[in-house]
Structures are given as C-alpha cells and as structure tokens.
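**Q** Pasting in a structure now, in structure tokens, and then I'll have a few things to ask.
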Amino acid sequence: MGKFYIISGDDDFARKQRARETAIMAANCEDPENADHVEVIQADLPELKPDMIADRCLDALRTPPFLAPEKVVWLRHHPDLDSWSFENAPAIVKELVKFLSEPLPPELSIVIDGPGVDKRKTLWKNLIKAGAVIEVLAVARATDRNFAENRRNVLNDFAKSTGKRIRPDAMQYLIEVIGGDSGILANELDKLASYTGNANEITIDDCRAIVSRTPEAVIWEYTEAIQNGRCEAALRSLALLSASKDPGMELKLIALLSNAYQKSLNCRLAMQELGITRPSPGAFENLSDEKKAKFPDNPLIKLHPYRAFKMCETAMRLDGAAIAGKLTLIRNANRALVSGGGDSRIILEQLTLKLCL
C-alpha cells in the first residue's frame, strides 16, 4: 500500500516547513519541487477553485509513474481542507475523497498540507483508517498547559545550534513577549543570532534592542516595570500602548495588572505551603520528592526553577496588605474607565504612578 501524509494546523510556518520535510522524505530527494517523479499541485493559487484543485489532484493520482518505479503527488498549501467534509462540496471533491479513502497503489505516495483538519470528524477518521498519517501543528498559546516548556525547548535548541548561552532573564523575556507563532519566533531568533555576532551569550538587553516591539512585548514590559517599581519605564511603555489606538487596550491592561497582583498573592501562599522563606533557583531545584508528593497542586512546583524564583522574588517585594492595596487601586481605576468619568489616558497614568510607589 502507498504512503499517505496529511499535515494540517493553524501554525502556517510550522505546517509548511513540515510539509516540505515530509515531501523530501516521501520522494527521497532534496528538491521535491523539481524532481521528475514528484507532481506538485500548487493549491494556494488564487485562480484555483475547490473543484479545479480536486480535478488536478485526481488527474495526478490516476496517472501512473513515468520513467520511474514510484510517484509522489504533493497537494501543496490547500487553503481549507475542512471544505472537503461539507455536504455541498463539489462532486469532484467527493470523488477525490472517495479515492483517498481506499488503499493506495504501492507505487503512489501522497502529501497534502493545509489548515482545517479536525481529526474528530468522520471524514478524517475514515482517512486515518485508510492509512493516512495526519499531523496537526497548532500555534502554541500562552493558555496552553505546556506553553512555557514548549517555548523553552525551542529556545534551548536554538542555543545549541548557535553555540550561544541564553541568560535566564533573556529566555523568560522571549517566552513572554514573542508568543506561539513559529514563524515569528524563528525570525526573531535569526535576528538575535545576527545581532549578537560572536558573543557567547544573549542578554535581556540584546532582546530588548532587537526583538520586534509587538504589543505583547510592550505590555509585558509595562506590567513588569510596575511590579518592580520602575515608574519611568512603565510610563514609557504606557505611552507606546496608548499610541496604538487599540480601543480595548485600557481594560486589557487593567485585567493584566489585576491578574499580576493576584498571582503575587497566590505565589506567597504557595511559598508558605512549601516552607520557602528566601527564594532562589536552588530552593526549587532541590525540593524533595516527599514535598512534591505532599503538595502536587502547588503552582510553583510545576514551573521551571528560574521562573519560580523570579515570581517569588517579585511577590516578596510587597506583603499581603500592600498587594491588597494595589488591587484596590486597580479596581477603582477600572470603575472610572467603565463609567467614562474621565480621560482614560490620565486614569492609567495616575494608576501607574500610584502602583509604582
């Protein structure tokens, strides 16, 4: 039976990169786009309609190998594979799906890539039964349980490939501000590699100097500056955010500030539970298995030791009463913003000044 690969997911960069790697593997050559035994259907051309794409693909699949014992068909960058499961899909699309749902000839391999595959749907379950290997590459999101660890692994791989050390605070900065898009991450790391040249390590100053100042990066710098009492830096970041003209930015900042101080309260409670009074990376690296087993839901245990240390370091700057006072200031600013009783820029500037005291 022939080989059948489907690469999907909303991470465009990772999906396209994996699709090409798969095509290279299936064709057993470094340049599948120009190999005689590989037929590429470029499905993302704007002039191609779904029925035209399916027709070209079926024609390629039914044509036997020529001057080669095997053949690879690569349906490249389909715009929406989920459309194949629609009841009103064109007849030629349904014919293509029927062809793919049956065992392939041994001399034929197929690579298909594009967004829109939901493996829970009947169509994709049937294709898996028919022998398709389906891989879904999703954009990593900050809300994902293993987001930080996933990004840390990528950054460690980058460090190994360049022979550079990424300082812990620089690594945390990159995890916080770049986000989960593989293409953006790869681009920013390439910029860092060029910017740092022959230097043996990448510092947080390098990151701040060259990494694109996305809204996420500025927001992170704003909240981090406030929690560490750096008023001037916080006001600079606030000015940049205000200039973005995002209508929902003010309430977003309020929510992030509230969340940051609530995390500090929870962090102090978690430290108390673990019996940690003076935070350090070693305090978390050397936690006994007995203590980990006793408090399996403690949030600090699940973090990287350096990240846990930095969170505790920030939380220890204020006692519980002071944190409660900060949350009261944030609540009052939120009420003022929602009621429309004043200029939002002035409300946030006054809040920033008070929180940095």
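So you can find residues: chains in the structure tokens are A, B, ... in the order shown, residues in each start at 1, and ligands are numbered from 1 in order.
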I'd like the contact shell of stretch 122-133 of chain A - 8 Å cut-off, only C-alpha atoms, skipping same-chain residues fewer than 6 positions apart - returned as a PyMOL selection string.

**A** chain A and resi 3-6+85+100-103

**Q** To test your reading of the structure, identify every residue in stretch 84-332 of chain A that backbone DSSP assigns to alpha helix (DSSP H), and report it as a PyMOL selection string.

**A** chain A and resi 91-100+122-129+147-162+168-178+182-196+204-210+215-227+231-243+249-274+281-285+289-294+305-315+320-332

**Q** Quick check, in Å to one decimal: how far apart do atom CA of A:Pro79 and atom CA of A:Ala91 lie?

**A**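 Those two atoms sit 18.4 Å apart.
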
**Q** Just give me the gap between atom CA of A:Arg167 and atom CA of A:Val154 in Å, one decimal is fine.

**A** 14.6 Å

**Q** Neighbours of A:Asp36 within 9 Å (only C-alpha atoms; same-chain residues fewer than 3 positions away dropped), as a ChimeraX atom specification?

**A** /A:32-33,39,66-68,71

**Q** Set the distance at 12 Å and use only C-alpha atoms: which residues neighbour A:Trp84 once local chain neighbours fewer than 3 positions away are removed? I'd like the list as a PyMOL selection string.

**A** chain A and resi 50-51+53-54+78-81+87-98+100+114-118+121-124+127

**Q** Can you write just those residues out, C-alpha atoms, as a PDB file, in the first residue's frame?

**A**
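Ended up saving to out-v6.pdb:
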ATOM      1  CA  PRO A  50     -12.042  23.882  -4.962  1.00  0.00           C
ATOM      2  CA  ASP A  51     -13.329  21.820  -7.884  1.00  0.00           C
ATOM      3  CA  ILE A  53      -7.897  21.770  -7.265  1.00  0.00           C
ATOM      4  CA  ALA A  54      -9.642  18.430  -6.779  1.00  0.00           C
ATOM      5  CA  HIS A  78      -4.560  23.736   0.256  1.00  0.00           C
ATOM      6  CA  PRO A  79      -6.455  26.807   1.570  1.00  0.00           C
ATOM      7  CA  ASP A  80      -9.126  24.920   3.562  1.00  0.00           C
ATOM      8  CA  LEU A  81      -9.151  21.154   3.917  1.00  0.00           C
ATOM      9  CA  GLU A  87     -22.278  18.222   2.365  1.00  0.00           C
ATOM     10  CA  ASN A  88     -22.445  20.684  -0.520  1.00  0.00           C
ATOM     11  CA  ALA A  89     -18.861  20.077  -1.626  1.00  0.00           C
ATOM     12  CA  PRO A  90     -18.479  19.786  -5.432  1.00  0.00           C
ATOM     13  CA  ALA A  91     -18.921  16.297  -6.868  1.00  0.00           C
ATOM     14  CA  ILE A  92     -15.281  16.180  -7.971  1.00  0.00           C
ATOM     15  CA  VAL A  93     -14.166  16.877  -4.371  1.00  0.00           C
ATOM     16  CA  LYS A  94     -16.301  13.970  -3.130  1.00  0.00           C
ATOM     17  CA  GLU A  95     -14.766  11.798  -5.839  1.00  0.00           C
ATOM     18  CA  LEU A  96     -11.283  12.760  -4.635  1.00  0.00           C
ATOM     19  CA  VAL A  97     -12.210  11.941  -1.030  1.00  0.00           C
ATOM     20  CA  LYS A  98     -13.537   8.550  -2.156  1.00  0.00           C
ATOM     21  CA  LEU A 100      -8.256   8.759  -0.840  1.00  0.00           C
ATOM     22  CA  GLY A 114      -3.307  22.935   4.590  1.00  0.00           C
ATOM     23  CA  PRO A 115      -5.368  24.221   7.523  1.00  0.00           C
ATOM     24  CA  GLY A 116      -8.757  22.901   8.533  1.00  0.00           C
ATOM     25  CA  VAL A 117      -8.345  19.276   9.635  1.00  0.00           C
ATOM     26  CA  ASP A 118     -10.362  18.270  12.681  1.00  0.00           C
ATOM     27  CA  LYS A 121     -14.774  14.495  12.158  1.00  0.00           C
ATOM     28  CA  THR A 122     -15.922  11.370  10.354  1.00  0.00           C
ATOM     29  CA  LEU A 123     -14.054  12.241   7.139  1.00  0.00           C
ATOM     30  CA  TRP A 124     -10.663  12.403   8.794  1.00  0.00           C
ATOM     31  CA  LEU A 127      -8.893   8.667   6.070  1.00  0.00           C
TER      32      LEU A 127
END

**Q** Just checking: using only C-alpha atoms, which residue out of A:Ser344, A:Asn259, A:Asn334, A:Ser109 ends up closest to A:Trp74?

**A**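 The answer is A:Ser109, which sits nearest to A:Trp74.
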
**Q** What lies within 12 Å of A:Met52 using only C-alpha atoms, ignoring chain neighbours under 3 positions off, as a list in words?

**A**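 Listed by chain and then number, they are Ile41, Gln42, Ala43, Asp44, Leu45, Pro46, Glu47, Leu48, Lys49, Asp55, Arg56, Cys57, Leu58, Asp59, His78, Pro90, Ala91, Ile92, Val93 and Leu96 of chain A.
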
**Q** Using the selection just defined, write its residues with C-alpha atoms as a CSV table (one decimal), in the first residue's frame.

**A**
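What ended up in out-v1.csv:
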chain,number,residue,atom,x,y,z
A,41,ILE,CA,-0.3,20.8,-7.3
A,42,GLN,CA,0.0,24.3,-6.0
A,43,ALA,CA,-3.4,24.6,-4.4
A,44,ASP,CA,-3.0,28.1,-3.0
A,45,LEU,CA,-3.1,29.9,-6.4
A,46,PRO,CA,-6.0,32.4,-6.1
A,47,GLU,CA,-7.4,31.5,-9.5
A,48,LEU,CA,-8.0,27.9,-8.5
A,49,LYS,CA,-11.4,27.0,-7.2
A,55,ASP,CA,-9.7,17.8,-10.5
A,56,ARG,CA,-6.0,18.4,-10.9
A,57,CYS,CA,-5.2,16.3,-7.9
A,58,LEU,CA,-7.3,13.3,-9.1
A,59,ASP,CA,-5.7,13.5,-12.5
A,78,HIS,CA,-4.6,23.7,0.3
A,90,PRO,CA,-18.5,19.8,-5.4
A,91,ALA,CA,-18.9,16.3,-6.9
A,92,ILE,CA,-15.3,16.2,-8.0
A,93,VAL,CA,-14.2,16.9,-4.4
A,96,LEU,CA,-11.3,12.8,-4.6

**Q** Can you tell me, as a PyMOL selection string, what residues are no more than 9 Å from A:Thr223 when counting only C-alpha atoms, ignoring any on the same chain fewer than 3 positions away?

**A** chain A and resi 218-220+226-228+234+253+256-257+260

**Q** Go ahead and save the picked residues with C-alpha atoms, as a PDB file, in the first residue's frame.

**A**
ATOM      1  CA  VAL A 218       5.330  46.299  25.422  1.00  0.00           C
ATOM      2  CA  ILE A 219       2.519  45.023  27.661  1.00  0.00           C
ATOM      3  CA  TRP A 220       4.927  42.609  29.328  1.00  0.00           C
ATOM      4  CA  ILE A 226       5.156  48.398  37.541  1.00  0.00           C
ATOM      5  CA  GLN A 227       5.685  45.326  39.708  1.00  0.00           C
ATOM      6  CA  ASN A 228       9.338  46.257  40.140  1.00  0.00           C
ATOM      7  CA  ALA A 234       6.281  51.902  32.962  1.00  0.00           C
ATOM      8  CA  LEU A 253      -4.132  46.488  30.903  1.00  0.00           C
ATOM      9  CA  LEU A 256      -3.431  42.071  33.274  1.00  0.00           C
ATOM     10  CA  LEU A 257      -2.393  44.226  36.242  1.00  0.00           C
ATOM     11  CA  ALA A 260      -0.330  40.018  38.069  1.00  0.00           C
TER      12      ALA A 260
END

**Q** Atom CA of A:Thr162 to atom CA of A:Ala14: how many Å, to one decimal?

**A**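 For atom CA of A:Thr162 relative to atom CA of A:Ala14, the distance reads 20.3 Å.
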
**Q** From the set A:Gly183, A:Cys356, A:Leu303, A:Asp10, which residue has the shortest atom-to-atom contact distance to A:Glu224, counting only C-alpha atoms?

**A**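 Selected residue with least distance to A:Glu224: A:Cys356.
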
**Q** For A:Leu265, which residue among A:Leu318, A:Ile175, A:Ile204, A:Ala293 is the nearest when counting only C-alpha atoms?

**A**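 The answer is A:Leu318, which sits nearest to A:Leu265.
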
**Q** Just checking: using only C-alpha atoms, which residue out of A:Leu185, A:Met25, A:Val111, A:Ala159 ends up closest to A:Asp11?

**A**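 Among A:Leu185, A:Met25, A:Val111, A:Ala159, it is A:Leu185 that comes nearest to A:Asp11.
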
**Q** Which one of A:Gln272, A:Pro279, A:Leu75, A:Val38 sits closest to A:Ile7 if you count only C-alpha atoms?

**A** A:Leu75

**Q** From the set A:Lys310, A:Arg165, A:Arg76, A:Lys291, which residue has the shortest atom-to-atom contact distance to A:Ala199, counting only C-alpha atoms?

**A**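 Between A:Lys310, A:Arg165, A:Arg76, A:Lys291, the residue approaching A:Ala199 most closely is A:Arg165.
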
**Q** List the neighbours of A:Pro69 out to 12 Å using only C-alpha atoms; skip same-chain residues closer than 4 positions along the sequence, and give me the result as a short mmCIF file (atom, residue, chain, number, x, y, z; two decimals) with N, CA and C atoms, in the first residue's frame.

**A**
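This is the output file selection-v2.cif:
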data_model
loop_
_atom_site.label_atom_id
_atom_site.label_comp_id
_atom_site.auth_asym_id
_atom_site.auth_seq_id
_atom_site.Cartn_x
_atom_site.Cartn_y
_atom_site.Cartn_z
N ALA A 27 9.73 11.56 -1.25
CA ALA A 27 10.34 11.50 -2.58
C ALA A 27 11.78 11.02 -2.55
N ASP A 36 11.56 14.65 -11.11
CA ASP A 36 10.74 14.11 -12.19
C ASP A 36 9.63 13.21 -11.69
N HIS A 37 9.87 12.52 -10.55
CA HIS A 37 8.86 11.58 -10.06
C HIS A 37 7.91 12.20 -9.04
N VAL A 38 7.96 13.54 -8.90
CA VAL A 38 7.07 14.25 -7.97
C VAL A 38 6.19 15.21 -8.77
N PRO A 64 -0.17 7.02 -13.92
CA PRO A 64 0.88 6.14 -13.40
C PRO A 64 2.26 6.79 -13.49
N PRO A 65 3.22 6.28 -12.72
CA PRO A 65 4.59 6.81 -12.79
C PRO A 65 5.15 6.70 -14.21
N PRO A 105 -2.31 2.53 -4.39
CA PRO A 105 -1.38 1.63 -5.07
C PRO A 105 -0.01 1.71 -4.41
N PRO A 106 0.74 0.63 -4.35
CA PRO A 106 2.03 0.62 -3.63
C PRO A 106 3.04 1.59 -4.20
N GLU A 107 2.91 1.96 -5.47
CA GLU A 107 3.90 2.85 -6.09
C GLU A 107 3.57 4.33 -5.89
N LEU A 108 2.45 4.62 -5.19
CA LEU A 108 2.00 6.01 -5.06
C LEU A 108 2.11 6.50 -3.62
N SER A 109 2.68 7.69 -3.44
CA SER A 109 2.71 8.37 -2.15
C SER A 109 2.05 9.73 -2.30
#

**Q** Within stretch 61-169 of chain A, find each residue whose DSSP state, derived from the backbone, is strand (DSSP E or B), and express the selection as a list of chain:residue names.

**A** A:Lys71, A:Val72, A:Val73, A:Trp74, A:Leu75, A:Arg76, A:Leu108, A:Ser109, A:Ile110, A:Val111, A:Ile112, A:Asp113, A:Ala132, A:Val133, A:Ile134, A:Glu135, A:Val136, A:Arg165, A:Ile166
